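Asks: Next up is a structure, given as structure tokens.
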Amino acid sequence: MKTQKHIKGRGAQEKVHNRFFELHHETRDDFLNYCLDQGESIGKHQTTYIETFPKTIINRVTSPDVGMLYSLNPYQGCEHGCVYCYARNSHEYWGYGAGLDFETKILVKKNAPELLEKKLQNKKWKAYPISLSGNTDCYQPIEKKLEITRKLLEIFLKYRHPVGIITKNSLILRDLDLLSELSRHNLVAVYLSINTLREDTRRILEPRTASIKKRLETLEKLNTSGIPTNVMMAPIIPSINSHEILPLAKEISTRGAKSVGYTIVRLNGAIGKIFTKWLENTLPDRKDKILHQIMQCHEGNLNDSAFGRRMRGSGNMANQIHQLFTIARQKYFPQEQKIHLNCDLHQFYKDEQLRLF
């Protein structure tokens with residue numbers, strides 16, 4: 001059998017069977033060989049957008065080691081195509097696969113702003129920071145056209161409600177006006193994801209994200225605009241970006257990041273197969289080494305689901321990464337600035353009548 005070509009612009013290199021489905025399809029070897037012989041495309045892999053109509057939009061996060069209590073995701077699935085993304089598995093609950101489906105079938109919640117406003121108007125709701133992008137990036141490419149995230153920020157500002165934003169896209173600068181006004185009332189914090197300084201690494205790990213240059217410029221612009229910004233080096237993958245911890249920490253500290261955090265990659269659910277296939281196509285000579293080192297971080301497995309341990313790993317390899325981060329924090333973030341958003345204003349803006357006084 002001839003080898004299937006790398007699918008450019010995508011993280012996952014194949015469709016992955018949905019574990020909840022009894023039946024599944026497979027691409028036969030003779031069909032692949034025929035397509036390659038004839039020079040025909042095996043699949044166009046175009047992105048499609050599917051509108052959904054949820055009844056609620058705010059999710060309570062029960063995991064004790066995620067660092068958020070509530071999240072809001074205007075999109076499910078993510079065109080960024082980060083091959084390691086833990087959110088891939090959630091696409092199976094929508095009836096799709098965690099592989100190419102996650103990157104090419106994007107579920108859109110156009111009524112998210114209306115649902116958020118209704119929730120914030122509820123007399124029983126007490127303000128607590130809500131994180132945009134707890135699952136998938138709220139500034140992925142389609143946001144440039146639909147502007148759902150921008151409308152959500154307008155609602156947060158209208159009701160003076162605290163919001164956190166997690167993204168790896170420079171598109172966030174489009175909303176600098178709203179972010180600046182939210183920051184003036186201490187209502188917003190941005191968590192920018194940057195896990196490498198090498199553009200060639202970014203290109204294969206996160207094929208449709210903003211370039212590293214743009215992300216660093218975004219970090220600097222947000223901070224010079226008075227918007228508190230933290231950086232997440234997530235995930236750290238042994239033998240891919242683990243050697244960049246110190247230089248990356250130095251770079252983001254000069255750009256004004258208030259603090260830095262990290263997680264170690266874990267390949268839960270279908271992601272183990274997706275990541276392994278990706279290594280075969282992109283880094284075949286380092287495949288076994290990378291997988292073995294990931295397993296060293298999770299007690300001999302590609303994943304560890306134990307709370308308190310799954311994000312940081314265990315064992316010698318994980319300890320080495322942790323020690324590097326300790327040195328990086330001590331050297332470049334000796335006085336990390338904790339961000340505490342204002343939860344007191346919202347009560348006075350919940351009711352239109354109260355705003356008159």
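By order of appearance in the structure tokens: chains A, B, ..., then residues from 1 within every chain, and ligands from 1 in the order shown.
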Write out as a list in words the residues lying within 10 Å of region 218-221 of chain A, counting only C-alpha atoms and excluding same-chain residues fewer than 5 positions away.
Replies: Lys168, Asn169, Ser170, Leu171, Ile172, Leu173, Leu176, Val190, Tyr191, Leu192, Ser193, Ile194, Ala210, Ile212, Lys213, Gly226, Ile227, Pro228, Thr229, Asn230, Val231, Ile252, Ser253, Thr254, Arg255, Gly256 and Ala257 of chain A
Asks: Per residue of region 137-244 of chain A within 12 Å of region 312-334 of chain A, record the nearest atom pair and its distance in Å to one decimal, counting only C-alpha atoms, with rows in chain order and ascending residue number, as a Markdown table.
Replies:
```
| residue | atom | partner | partner_atom | distance |
| --- | --- | --- | --- | --- |
| A:Asn230 | CA | A:Phe333 | CA | 11.3 |
| A:Val231 | CA | A:Phe333 | CA | 11.7 |
| A:Met232 | CA | A:Phe325 | CA | 11.8 |
| A:Met233 | CA | A:Phe325 | CA | 10.1 |
| A:Ala234 | CA | A:Arg312 | CA | 10.8 |
| A:Pro235 | CA | A:Arg312 | CA | 10.0 |
| A:Ile236 | CA | A:Ile321 | CA | 8.4 |
| A:Ile237 | CA | A:Ile321 | CA | 9.8 |
| A:Pro238 | CA | A:Met317 | CA | 8.2 |
| A:Ser239 | CA | A:Met317 | CA | 10.8 |
| A:Asn241 | CA | A:Ile321 | CA | 10.8 |
| A:Ser242 | CA | A:Ile321 | CA | 7.1 |
| A:His243 | CA | A:Ile321 | CA | 9.0 |
| A:Glu244 | CA | A:Leu324 | CA | 9.8 |
```
Asks: Mind dumping the selected residues with C-alpha atoms as a short mmCIF file (atom, residue, chain, number, x, y, z; two decimals), in the first residue's frame?
Replies:
```
data_model
loop_
_atom_site.label_atom_id
_atom_site.label_comp_id
_atom_site.auth_asym_id
_atom_site.auth_seq_id
_atom_site.Cartn_x
_atom_site.Cartn_y
_atom_site.Cartn_z
CA ASN A 230 -1.42 35.74 31.47
CA VAL A 231 0.26 33.13 29.29
CA MET A 232 -0.44 29.40 29.33
CA MET A 233 2.33 27.18 27.96
CA ALA A 234 -0.07 24.40 27.20
CA PRO A 235 0.58 21.71 26.59
CA ILE A 236 4.23 20.94 27.16
CA ILE A 237 5.11 17.91 25.00
CA PRO A 238 8.38 16.10 25.76
CA SER A 239 10.91 16.29 22.89
CA ASN A 241 8.60 21.94 23.02
CA SER A 242 9.83 20.94 26.50
CA HIS A 243 13.26 22.47 25.79
CA GLU A 244 11.69 25.91 25.20
#
```
Asks: Check the smallest atom-to-atom distance from each of A:Asn195, A:Thr201, A:Thr209, A:Thr167 to Glu79 (chain A) using only C-alpha atoms, then report the winner.
Replies: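 Going through A:Asn195, A:Thr201, A:Thr209, A:Thr167 one by one, the smallest distance to Glu79 (chain A) is for A:Thr209.
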Asks: Tell me, which residues of region 130-202 of chain A carry DSSP helix (DSSP H, G or I), written as a ChimeraX atom specification?
Replies: /A:143-146,148-158,170-184,199-202
Asks: What is the distance, in Å and to one decimal place, between CA of Ile50 (chain A) and CA of Lys109 (chain A)?
Replies: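 The value is 8.8 Å.
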Asks: Suppose you want the space between CA of Pro247 (chain A) and CA of Gly300 (chain A); what is it in Å?
Replies: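 CA of Gly300 (chain A) lies 29.2 Å from CA of Pro247 (chain A).
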Asks: Hey, what's within 10 Å of Gly77 (chain A) if we count only C-alpha atoms and toss same-chain stuff fewer than 5 positions away? As a list of chain:residue names, please?
Replies: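 The residues that qualify are A:Tyr49, A:Ala87, A:Arg88, A:Asn89, A:Ser90, A:His91, A:Trp94, A:Tyr96, A:Ala98, A:Leu100, A:Asp101, A:Phe102, A:Glu103, A:Thr104, A:Lys105, A:Ile106, A:Leu107, A:Val108, A:Asn135, A:Thr136, A:Asp137, A:Gln140.
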Asks: When DSSP is applied to the backbone of this structure, which of region 92-227 of chain A are assigned strand (DSSP E or B)? Write them out as a list of chain:residue names.
Replies: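 Assigned to strand (DSSP E or B), within region 92-227 of chain A: A:Lys105, A:Ile106, A:Leu107, A:Val108, A:Ile130, A:Ser131, A:Leu132, A:Val163, A:Gly164, A:Ile165, A:Ile166, A:Thr167, A:Val188, A:Ala189, A:Val190, A:Tyr191, A:Leu192, A:Ser193.
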Asks: Compare A:Asn281, A:Leu187, A:Lys287, A:Glu51 by their minimum atom-to-atom distance to Lys158 (chain A), counting only C-alpha atoms, and give me the closest one.
Replies: A:Leu187
